[in-house]
file work.cif (mmCIF, C-alpha atoms)
data_my_file
loop_
_atom_site.label_atom_id
_atom_site.label_comp_id
_atom_site.auth_asym_id
_atom_site.auth_seq_id
_atom_site.Cartn_x
_atom_site.Cartn_y
_atom_site.Cartn_z
CA MET A 1 0.00 0.00 0.00
CA LYS A 2 3.03 2.28 -0.01
CA ASN A 3 2.70 5.30 -2.31
CA PHE A 4 -0.95 4.42 -3.00
CA ASN A 5 -3.65 6.34 -1.21
CA PRO A 6 -7.05 5.74 -2.77
CA ALA A 7 -8.65 8.79 -1.14
CA ASP A 8 -6.09 11.02 -2.87
CA ASN A 9 -6.93 9.42 -6.20
CA ILE A 10 -10.62 10.15 -5.69
CA GLN A 11 -9.93 13.72 -4.60
CA ASP A 12 -7.74 14.38 -7.65
CA LEU A 13 -10.62 13.65 -10.03
CA GLN A 14 -12.32 16.81 -11.21
CA TYR A 15 -15.42 16.88 -13.37
CA PHE A 16 -17.29 19.98 -14.51
CA GLY A 17 -21.01 20.02 -15.16
CA GLU A 18 -22.37 20.99 -18.56
CA PHE A 19 -22.87 24.58 -17.43
CA GLY A 20 -19.80 24.78 -15.20
CA GLY A 21 -21.39 23.09 -12.20
CA VAL A 22 -19.12 21.63 -9.54
CA ASN A 23 -21.01 18.35 -9.95
CA PRO A 24 -21.05 16.60 -13.32
CA SER A 25 -24.32 16.87 -15.22
CA ILE A 26 -26.65 13.88 -14.94
CA SER A 27 -27.36 12.16 -18.26
CA ASP A 28 -31.06 11.46 -17.74
CA SER A 29 -31.51 9.63 -21.06
CA SER A 30 -31.99 6.01 -21.99
CA THR A 31 -30.76 6.47 -25.57
CA TYR A 32 -28.48 8.88 -27.41
CA THR A 33 -28.58 10.52 -30.80
CA PHE A 34 -25.92 10.47 -33.54
CA LEU A 35 -25.05 13.08 -36.11
CA SER A 36 -24.26 10.39 -38.68
CA ALA A 37 -25.23 6.80 -39.34
CA LYS A 38 -21.56 5.82 -39.56
CA THR A 39 -20.93 7.03 -36.01
CA MET A 40 -23.79 4.84 -34.80
CA PHE A 41 -22.26 1.87 -36.60
CA ASP A 42 -18.82 2.60 -35.13
CA THR A 43 -20.32 2.90 -31.64
CA PHE A 44 -22.00 -0.51 -31.99
CA GLU A 45 -18.60 -1.90 -32.95
CA GLY A 46 -16.96 -0.24 -29.94
CA ASN A 47 -14.85 2.09 -32.07
CA ALA A 48 -16.29 5.51 -31.23
CA GLU A 49 -14.92 6.71 -27.93
CA GLY A 50 -16.95 9.47 -26.32
CA CYS A 51 -20.16 8.46 -28.07
CA TYR A 52 -23.03 6.82 -26.22
CA LEU A 53 -25.30 4.20 -27.61
CA TYR A 54 -27.86 3.12 -25.03
CA SER A 55 -27.82 3.39 -21.25
CA ARG A 56 -27.78 -0.38 -20.75
CA HIS A 57 -24.34 -0.25 -22.34
CA SER A 58 -23.03 2.92 -20.70
CA SER A 59 -23.93 6.50 -19.89
CA PRO A 60 -21.90 9.60 -19.03
CA SER A 61 -23.05 9.47 -15.39
CA ASN A 62 -22.05 5.83 -15.04
CA LEU A 63 -18.68 6.46 -16.65
CA TYR A 64 -17.92 9.28 -14.19
CA LEU A 65 -18.48 6.84 -11.33
CA ASP A 66 -16.58 4.09 -13.19
CA LYS A 67 -13.51 6.29 -13.40
CA ALA A 68 -13.69 7.32 -9.76
CA LEU A 69 -13.97 3.71 -8.54
CA ALA A 70 -11.19 2.52 -10.85
CA ALA A 71 -9.00 5.28 -9.41
CA MET A 72 -9.94 4.18 -5.89
CA GLU A 73 -8.94 0.56 -6.55
CA GLY A 74 -5.96 1.34 -8.80
CA THR A 75 -7.32 -0.54 -11.82
CA GLU A 76 -7.46 0.50 -15.47
CA SER A 77 -11.23 0.60 -15.64
CA ALA A 78 -14.50 -0.24 -13.89
CA ASN A 79 -18.15 -0.93 -14.63
CA VAL A 80 -20.95 -0.05 -12.20
CA SER A 81 -24.11 -2.10 -11.88
CA ALA A 82 -27.53 -1.89 -10.26
CA SER A 83 -26.58 -4.11 -7.31
CA GLY A 84 -23.65 -5.94 -5.80
CA MET A 85 -24.95 -9.23 -7.18
CA GLY A 86 -25.27 -7.43 -10.53
CA ALA A 87 -21.48 -7.08 -10.39
CA ILE A 88 -20.64 -10.54 -9.03
CA THR A 89 -22.81 -12.72 -11.27
CA PRO A 90 -21.84 -11.26 -14.69
CA THR A 91 -18.17 -11.37 -13.70
CA LEU A 92 -18.27 -15.08 -12.89
CA LEU A 93 -20.38 -15.92 -15.94
CA GLN A 94 -18.00 -13.95 -18.16
CA LEU A 95 -15.05 -15.94 -16.84
CA CYS A 96 -16.66 -19.39 -16.76
CA GLY A 97 -18.69 -21.63 -19.04
CA SER A 98 -19.96 -25.18 -19.08
CA GLY A 99 -17.42 -27.61 -17.65
CA ASP A 100 -15.45 -24.94 -15.81
CA HIS A 101 -14.64 -24.92 -12.11
CA ILE A 102 -14.41 -22.27 -9.39
CA VAL A 103 -12.56 -22.46 -6.08
CA SER A 104 -14.31 -20.19 -3.57
CA SER A 105 -14.00 -19.23 0.04
CA ARG A 106 -16.57 -21.08 2.13
CA THR A 107 -17.47 -17.94 4.09
CA ILE A 108 -18.89 -15.43 1.65
CA TYR A 109 -22.02 -13.35 1.29
CA GLY A 110 -25.08 -15.62 1.29
CA GLY A 111 -26.27 -14.43 -2.12
CA THR A 112 -22.90 -15.25 -3.69
CA TYR A 113 -22.88 -18.64 -1.98
CA ALA A 114 -26.38 -19.41 -3.28
CA PHE A 115 -25.39 -18.35 -6.81
CA LEU A 116 -22.36 -20.65 -6.82
CA LYS A 117 -24.01 -23.54 -4.98
CA ASN A 118 -27.46 -23.57 -6.57
CA PHE A 119 -27.51 -21.50 -9.76
CA THR A 120 -24.26 -21.93 -11.71
CA PRO A 121 -24.56 -25.77 -11.75
CA LYS A 122 -27.45 -25.22 -14.20
CA PHE A 123 -24.79 -24.00 -16.62
CA GLY A 124 -22.37 -26.82 -15.88
CA ILE A 125 -20.15 -24.70 -13.62
CA LYS A 126 -18.98 -26.40 -10.43
CA THR A 127 -17.62 -24.80 -7.27
CA THR A 128 -15.42 -26.16 -4.49
CA PHE A 129 -15.78 -24.25 -1.21
CA VAL A 130 -12.64 -24.10 0.94
CA ASP A 131 -11.21 -22.47 4.04
CA ILE A 132 -9.67 -19.39 2.43
CA THR A 133 -7.06 -19.08 5.18
CA LYS A 134 -5.37 -22.37 4.19
CA LEU A 135 -3.29 -21.80 1.07
CA ASP A 136 -2.27 -25.47 0.78
CA VAL A 137 -5.93 -26.58 0.78
CA ILE A 138 -6.76 -23.95 -1.85
CA GLU A 139 -4.00 -25.04 -4.19
CA ALA A 140 -4.92 -28.70 -3.76
CA SER A 141 -8.50 -27.86 -4.83
CA ILE A 142 -7.45 -26.43 -8.20
CA THR A 143 -8.14 -28.69 -11.18
CA PRO A 144 -7.30 -28.39 -14.89
CA ASN A 145 -10.82 -26.93 -15.35
CA THR A 146 -10.48 -24.24 -12.67
CA LYS A 147 -10.89 -20.75 -14.06
CA VAL A 148 -11.50 -18.61 -10.97
CA LEU A 149 -10.32 -18.28 -7.40
CA TYR A 150 -12.95 -16.27 -5.52
CA CYS A 151 -12.83 -14.71 -2.07
CA GLU A 152 -13.73 -11.72 0.07
CA THR A 153 -10.94 -9.62 1.58
CA VAL A 154 -12.69 -9.92 4.93
CA SER A 155 -15.29 -12.65 4.82
CA ASN A 156 -18.97 -12.27 5.55
CA PRO A 157 -19.86 -12.91 8.33
CA LEU A 158 -16.96 -14.63 10.13
CA LEU A 159 -14.40 -11.91 9.32
CA GLU A 160 -11.77 -14.35 8.08
CA VAL A 161 -8.97 -12.54 6.26
CA ALA A 162 -7.77 -13.64 2.83
CA ASP A 163 -4.06 -13.52 2.14
CA ILE A 164 -4.55 -11.79 -1.19
CA ALA A 165 -0.85 -11.69 -2.12
CA GLY A 166 -0.55 -15.41 -1.37
CA LEU A 167 -3.71 -16.20 -3.32
CA ALA A 168 -2.47 -14.10 -6.25
CA LYS A 169 0.70 -16.19 -6.47
CA ILE A 170 -1.35 -19.38 -6.59
CA ALA A 171 -3.69 -17.91 -9.21
CA LYS A 172 -0.84 -16.79 -11.45
CA LYS A 173 0.94 -20.13 -11.06
CA HIS A 174 -2.17 -21.94 -12.34
CA ASN A 175 -3.17 -19.26 -14.86
CA ILE A 176 -6.54 -18.56 -13.24
CA LYS A 177 -8.22 -15.30 -12.27
CA LEU A 178 -8.30 -14.07 -8.69
CA VAL A 179 -11.60 -12.27 -8.03
CA VAL A 180 -11.86 -10.41 -4.71
CA ASP A 181 -14.98 -8.90 -3.15
CA ASN A 182 -13.64 -5.89 -1.23
CA THR A 183 -16.99 -4.63 0.11
CA PHE A 184 -15.98 -4.81 3.79
CA SER A 185 -12.68 -2.97 3.34
CA PRO A 186 -12.78 -0.04 0.88
CA LEU A 187 -9.75 2.27 1.15
CA SER A 188 -8.23 0.03 3.84
CA VAL A 189 -7.17 -2.64 1.35
CA ALA A 190 -6.37 -2.36 -2.36
CA PRO A 191 -6.60 -5.98 -3.64
CA ALA A 192 -5.42 -5.09 -7.18
CA LYS A 193 -2.20 -3.74 -5.70
CA LEU A 194 -1.74 -7.07 -3.93
CA GLY A 195 -2.19 -9.07 -7.14
CA ALA A 196 -5.96 -9.55 -7.58
CA ASP A 197 -7.17 -9.54 -11.18
CA ILE A 198 -10.70 -8.29 -10.50
CA VAL A 199 -12.07 -6.34 -7.53
CA ILE A 200 -15.79 -6.17 -6.77
CA HIS A 201 -17.78 -3.99 -4.41
CA SER A 202 -21.36 -3.78 -3.32
CA LEU A 203 -21.73 0.00 -3.55
CA THR A 204 -24.82 -0.39 -1.37
CA LYS A 205 -22.63 -0.61 1.72
CA TYR A 206 -19.75 1.67 2.73
CA ILE A 207 -19.12 3.40 -0.58
CA ASN A 208 -22.61 4.86 -0.81
CA GLY A 209 -22.96 4.86 2.96
CA SER A 210 -26.53 6.13 3.34
CA SER A 211 -28.58 2.93 2.87
CA ASP A 212 -30.77 4.58 0.24
CA THR A 213 -29.80 2.61 -2.85
CA VAL A 214 -28.26 -0.63 -4.07
CA GLY A 215 -25.36 -0.78 -6.49
CA GLY A 216 -22.23 -2.66 -7.46
CA VAL A 217 -18.98 -2.29 -9.38
CA VAL A 218 -16.40 -4.44 -11.12
CA CYS A 219 -12.89 -2.94 -11.15
CA ALA A 220 -10.47 -4.60 -13.56
CA SER A 221 -8.37 -4.24 -16.68
CA GLN A 222 -9.75 -2.30 -19.62
CA GLU A 223 -9.78 -5.54 -21.59
CA PHE A 224 -12.01 -7.33 -19.09
CA ILE A 225 -14.39 -4.39 -18.71
CA ASN A 226 -14.67 -4.21 -22.51
CA ASP A 227 -15.49 -7.92 -22.52
CA LEU A 228 -18.24 -7.42 -19.92
CA LYS A 229 -19.79 -4.62 -22.01
CA ASN A 230 -19.43 -6.25 -25.43
CA VAL A 231 -22.75 -6.00 -27.27
CA ASN A 232 -22.44 -9.53 -28.67
CA ASN A 233 -21.23 -11.64 -25.75
CA GLY A 234 -20.68 -9.40 -22.72
CA ALA A 235 -22.41 -10.67 -19.58
CA SER A 236 -23.06 -7.19 -18.19
CA MET A 237 -24.45 -5.97 -21.50
CA LEU A 238 -26.65 -9.01 -22.14
CA LEU A 239 -27.90 -9.67 -18.61
CA GLY A 240 -28.71 -5.99 -18.13
CA PRO A 241 -27.75 -5.16 -14.50
CA THR A 242 -27.51 -1.47 -15.41
CA MET A 243 -27.23 1.26 -12.80
CA ASP A 244 -29.55 4.22 -13.26
CA SER A 245 -27.82 7.53 -14.01
CA LEU A 246 -29.54 9.33 -11.12
CA ARG A 247 -28.27 6.67 -8.73
CA SER A 248 -24.75 6.92 -10.17
CA ALA A 249 -24.74 10.63 -9.50
CA SER A 250 -25.94 10.04 -5.94
CA VAL A 251 -23.28 7.41 -5.19
CA MET A 252 -20.62 9.68 -6.72
CA LYS A 253 -21.45 12.44 -4.23
CA ASN A 254 -21.32 10.06 -1.26
CA LEU A 255 -18.02 8.55 -2.44
CA ARG A 256 -16.30 11.85 -1.72
CA THR A 257 -16.78 11.46 2.03
CA LEU A 258 -15.84 7.78 2.18
CA HIS A 259 -12.38 8.43 3.66
CA ILE A 260 -13.83 10.43 6.55
CA ARG A 261 -16.51 7.84 7.24
CA MET A 262 -14.18 4.83 7.11
CA LYS A 263 -11.86 6.39 9.68
CA GLN A 264 -14.76 6.89 12.09
CA HIS A 265 -16.28 3.45 11.44
CA SER A 266 -12.89 1.87 12.17
CA HIS A 267 -12.21 4.01 15.23
CA ASN A 268 -15.58 3.15 16.76
CA ALA A 269 -15.36 -0.56 15.94
CA GLN A 270 -11.87 -0.84 17.42
CA PHE A 271 -13.04 0.85 20.62
CA LEU A 272 -16.07 -1.40 21.03
CA ALA A 273 -14.17 -4.57 20.13
CA ASP A 274 -11.53 -3.82 22.77
CA LYS A 275 -14.22 -3.13 25.38
CA PHE A 276 -16.30 -6.20 24.56
CA GLU A 277 -13.28 -8.49 24.65
CA GLN A 278 -12.15 -7.01 27.97
CA ALA A 279 -15.65 -7.66 29.31
CA GLY A 280 -15.23 -11.35 28.51
CA LEU A 281 -17.38 -11.61 25.39
CA LYS A 282 -16.24 -13.77 22.48
CA THR A 283 -15.44 -10.96 20.05
CA VAL A 284 -14.05 -11.20 16.53
CA TYR A 285 -12.53 -8.11 14.93
CA PRO A 286 -9.43 -7.98 12.70
CA GLY A 287 -8.03 -5.14 14.81
CA LEU A 288 -7.82 -7.35 17.90
CA LYS A 289 -4.54 -9.15 18.54
CA SER A 290 -6.63 -12.23 19.33
CA HIS A 291 -7.84 -12.40 15.71
CA PRO A 292 -5.94 -15.26 14.03
CA SER A 293 -5.11 -13.09 11.01
CA HIS A 294 -4.42 -9.84 12.86
CA GLU A 295 -0.79 -9.55 11.80
CA LEU A 296 -1.57 -10.53 8.19
CA TYR A 297 -4.34 -7.95 7.95
CA LYS A 298 -2.17 -5.33 9.62
CA SER A 299 0.41 -5.88 6.87
CA MET A 300 -2.24 -5.51 4.14
CA ILE A 301 -4.09 -2.38 5.17
CA ASN A 302 -3.53 1.30 4.71
CA PRO A 303 -3.31 2.06 8.46
CA GLU A 304 -4.90 5.48 8.03
CA TYR A 305 -8.28 3.78 7.51
CA GLY A 306 -7.96 1.17 10.24
CA PHE A 307 -9.36 -2.34 10.48
CA GLY A 308 -12.89 -1.57 9.30
CA GLY A 309 -16.30 -1.23 10.87
CA MET A 310 -17.40 -4.89 11.02
CA MET A 311 -17.25 -7.08 14.10
CA THR A 312 -19.03 -10.07 15.62
CA VAL A 313 -19.96 -10.92 19.18
CA ASP A 314 -21.21 -14.34 20.31
CA VAL A 315 -23.78 -14.09 23.10
CA GLY A 316 -24.38 -17.83 23.42
CA SER A 317 -27.77 -18.51 21.84
CA LEU A 318 -30.13 -17.25 19.16
CA ASP A 319 -32.71 -16.32 21.80
CA LYS A 320 -30.18 -14.15 23.63
CA ALA A 321 -29.00 -12.63 20.36
CA ASN A 322 -32.55 -11.71 19.38
CA GLU A 323 -33.35 -10.30 22.83
CA LEU A 324 -30.23 -8.17 22.79
CA MET A 325 -30.79 -6.83 19.29
CA GLU A 326 -34.41 -5.96 20.04
CA LEU A 327 -33.40 -4.19 23.26
CA MET A 328 -30.59 -2.25 21.58
CA GLN A 329 -33.01 -1.11 18.90
CA GLN A 330 -35.50 0.01 21.56
CA ARG A 331 -32.72 2.03 23.23
CA ASN A 332 -31.89 3.80 19.91
CA LEU A 333 -28.47 2.14 19.66
CA GLY A 334 -29.05 1.07 16.10
CA TYR A 335 -31.29 -1.01 13.87
CA LEU A 336 -32.03 -4.71 13.70
CA ALA A 337 -31.34 -4.82 9.99
CA VAL A 338 -29.14 -6.48 7.40
CA SER A 339 -26.54 -4.64 5.31
CA LEU A 340 -23.73 -2.41 6.54
CA GLY A 341 -22.06 0.96 6.18
CA PHE A 342 -24.92 3.08 7.54
CA TYR A 343 -24.35 6.03 9.89
CA LYS A 344 -26.24 4.13 12.61
CA THR A 345 -25.06 0.76 13.87
CA LEU A 346 -26.78 -2.19 12.19
CA PHE A 347 -26.95 -5.64 13.78
CA SER A 348 -28.28 -9.02 12.70
CA ALA A 349 -27.93 -12.72 13.44
CA PRO A 350 -26.29 -13.80 10.15
CA GLY A 351 -27.25 -17.46 10.46
CA THR A 352 -30.90 -16.52 10.07
CA SER A 353 -30.41 -13.52 7.76
CA THR A 354 -27.49 -12.65 5.46
CA SER A 355 -26.09 -16.19 5.51
CA SER A 356 -29.40 -18.06 5.68
CA GLU A 357 -28.78 -19.44 2.18
CA ILE A 358 -25.98 -21.57 3.65
CA PRO A 359 -27.36 -24.91 4.93
CA LEU A 360 -27.40 -25.27 8.72
CA GLU A 361 -24.92 -28.15 8.78
CA GLU A 362 -22.46 -26.11 6.73
CA GLN A 363 -22.95 -23.08 9.01
CA ILE A 364 -22.00 -25.27 11.97
CA GLU A 365 -18.97 -26.67 10.13
CA MET A 366 -17.61 -23.19 9.36
CA GLY A 367 -18.22 -21.93 12.91
CA LEU A 368 -21.29 -19.80 12.29
CA THR A 369 -22.99 -20.22 15.67
CA ASP A 370 -26.58 -19.44 16.71
CA GLY A 371 -25.55 -16.75 19.16
CA LEU A 372 -23.41 -14.79 16.71
CA ILE A 373 -24.36 -11.15 16.15
CA ARG A 374 -22.82 -9.27 13.26
CA PHE A 375 -22.34 -5.57 13.94
CA SER A 376 -21.80 -2.86 11.36
CA ILE A 377 -20.60 -0.13 13.70
CA GLY A 378 -21.91 3.34 12.97
CA LEU A 379 -20.50 6.84 13.06
CA ASP A 380 -21.43 7.58 16.70
CA ASN A 381 -19.77 10.74 17.98
CA ASP A 382 -19.38 9.55 21.61
CA ILE A 383 -18.44 5.90 21.36
CA GLN A 384 -17.89 5.56 25.13
CA ARG A 385 -21.56 6.54 25.60
CA THR A 386 -22.54 3.90 23.04
CA PHE A 387 -20.54 1.22 24.86
CA ASP A 388 -22.03 2.17 28.23
CA MET A 389 -25.55 1.81 26.79
CA MET A 390 -24.74 -1.52 25.07
CA GLU A 391 -23.14 -2.83 28.25
CA ALA A 392 -26.27 -1.88 30.20
CA CYS A 393 -28.41 -3.85 27.74
CA MET A 394 -26.14 -6.89 28.08
CA MET A 395 -26.23 -6.72 31.87
CA GLU A 396 -29.99 -6.39 31.87
CA LEU A 397 -30.27 -9.60 29.86
CA GLY A 398 -27.63 -11.47 31.85
CA ILE A 399 -25.18 -11.66 28.94
CA LEU A 400 -22.69 -9.74 31.08
CA LYS A 401 -22.54 -9.98 34.87
CA MET A 402 -22.15 -6.98 37.13
CA GLU A 403 -18.70 -7.00 38.69
CA ARG A 404 -18.76 -6.90 42.48
CA ALA A 405 -16.38 -4.59 44.31
#
call {"tool": "encode", "arguments": {"input": "work.cif", "output": "structure tokens"}}
result
Amino acid sequence: MKNFNPADNIQDLQYFGEFGGVNPSISDSSTYTFLSAKTMFDTFEGNAEGCYLYSRHSSPSNLYLDKALAAMEGTESANVSASGMGAITPTLLQLCGSGDHIVSSRTIYGGTYAFLKNFTPKFGIKTTFVDITKLDVIEASITPNTKVLYCETVSNPLLEVADIAGLAKIAKKHNIKLVVDNTFSPLSVAPAKLGADIVIHSLTKYINGSSDTVGGVVCASQEFINDLKNVNNGASMLLGPTMDSLRSASVMKNLRTLHIRMKQHSHNAQFLADKFEQAGLKTVYPGLKSHPSHELYKSMINPEYGFGGMMTVDVGSLDKANELMELMQQRNLGYLAVSLGFYKTLFSAPGTSTSSEIPLEEQIEMGLTDGLIRFSIGLDNDIQRTFDMMEACMMELGILKMERA
């Protein structure tokens, strides 16, 4: 991460609106006109830079956001989509066909897991799910038909850390593509700089940060982005997961404050994780020395942005987890809701929500327990006050015991 600061790259971008506005103009059109028939033909063939064909293919507003996100991840290009899954699914279908094989982390977003487990087999694509922290197991799972190695920088929901540099070496050795979902760690980690071929985000989460829209992005080489958008065989073009121009403009504005927000999310999460662990709760957070990959993650991140805003606490049972979340919501500590990156803390029991697509026996095998609560820590100004209130809730429910003098 030396000499690469993604926030600086975002700040250095400067776009002028059509009439000199400080925000780029929004292209609120589904289709675009041409001054000549030949230009239309050239645009269909991909040979007329600066001309726009149809908003399912691209639009000025989407390209502004594309460039900003490519700059953030340090890739040649990017392509935004209408959801995170609208970025993940075309990428994998562009890279794989019938008879091909994917090696994937076992702990990933439930929607991605369901896509690989239940949907891609319809197309003859098989997936082997592995413990992403064991490089020897990963390499042993690669076959002559393997095309993709897929992981999340920090896994959902167990917060396992992928050794991206180590995975990149394996991928290059076997001539396969390393695809990394970096949703949990924008700015903190730059997977492309560590050797990843393709970096994906759900823009819904931290990058947009206001829980008012869904979106996704694929950051990669210009060649791969061109392939995705090819009018004849591009998965993004043909499957149609297009982001609306108005939404692109909205995400673009929120992106500009991402660096400020990530610092506060990380600061607050580190504080709470330290306090919860000291109180005797089973707490998982990459910023804790007790995290098995703490030193690895510390070596990967841009320290300015910390260890992220995601943490888990195990309170022993699903009943206790539900009681605690309901009480915290009643006390205005946050929302019992899925997703992450909001200004308020969000909490959920992932086994019955964001990871419910994973069969129960497989949840148990990977260590996803009933009592696990996933926290997306918010932007609270007084985090000591937040901890005191959370601690009071836990004591009220008997999750924590009052210490006697």
call {"tool": "resolve_selection", "arguments": {"input": "work.cif", "expression": "the PyMOL selection byres ((chain A and resi 371-374) around 10)", "output": "JSON, numbers by chain"}}
result
{"A": [156, 157, 158, 159, 282, 283, 284, 310, 311, 312, 313, 314, 315, 316, 317, 318, 319, 320, 321, 322, 324, 325, 338, 339, 340, 346, 347, 348, 349, 350, 351, 354, 367, 368, 369, 370, 375, 376, 377]}
call {"tool": "atom_distance", "arguments": {"input": "work.cif", "atom1": "atom CA of Gly398 of chain A", "atom2": "atom CA of Leu336 of chain A"}}
result
19.9 Å
call {"tool": "resolve_selection", "arguments": {"input": "work.cif", "expression": "the PyMOL selection byres ((chain A and resi 6) around 9)", "output": "PyMOL selection string"}}
result
chain A and resi 4-5+7-11+71-74+186-188+190+259
call {"tool": "closest_residue", "arguments": {"input": "work.cif", "among": "A:Met252, A:Val154, A:Met243, A:Met40", "to": "Gly216 of chain A", "atoms": "only C-alpha atoms"}}
result
A:Met243
call {"tool": "residues_around", "arguments": {"input": "work.cif", "residues": "segment 119-131 of chain A", "least_positions_apart": "6", "cutoff": "10 Å", "atoms": "all atoms listed in the file", "output": "PyMOL selection string"}}
result
chain A and resi 89+92-93+96-108+112-113+137-138+141-142+145-146+148-151+160+162+366
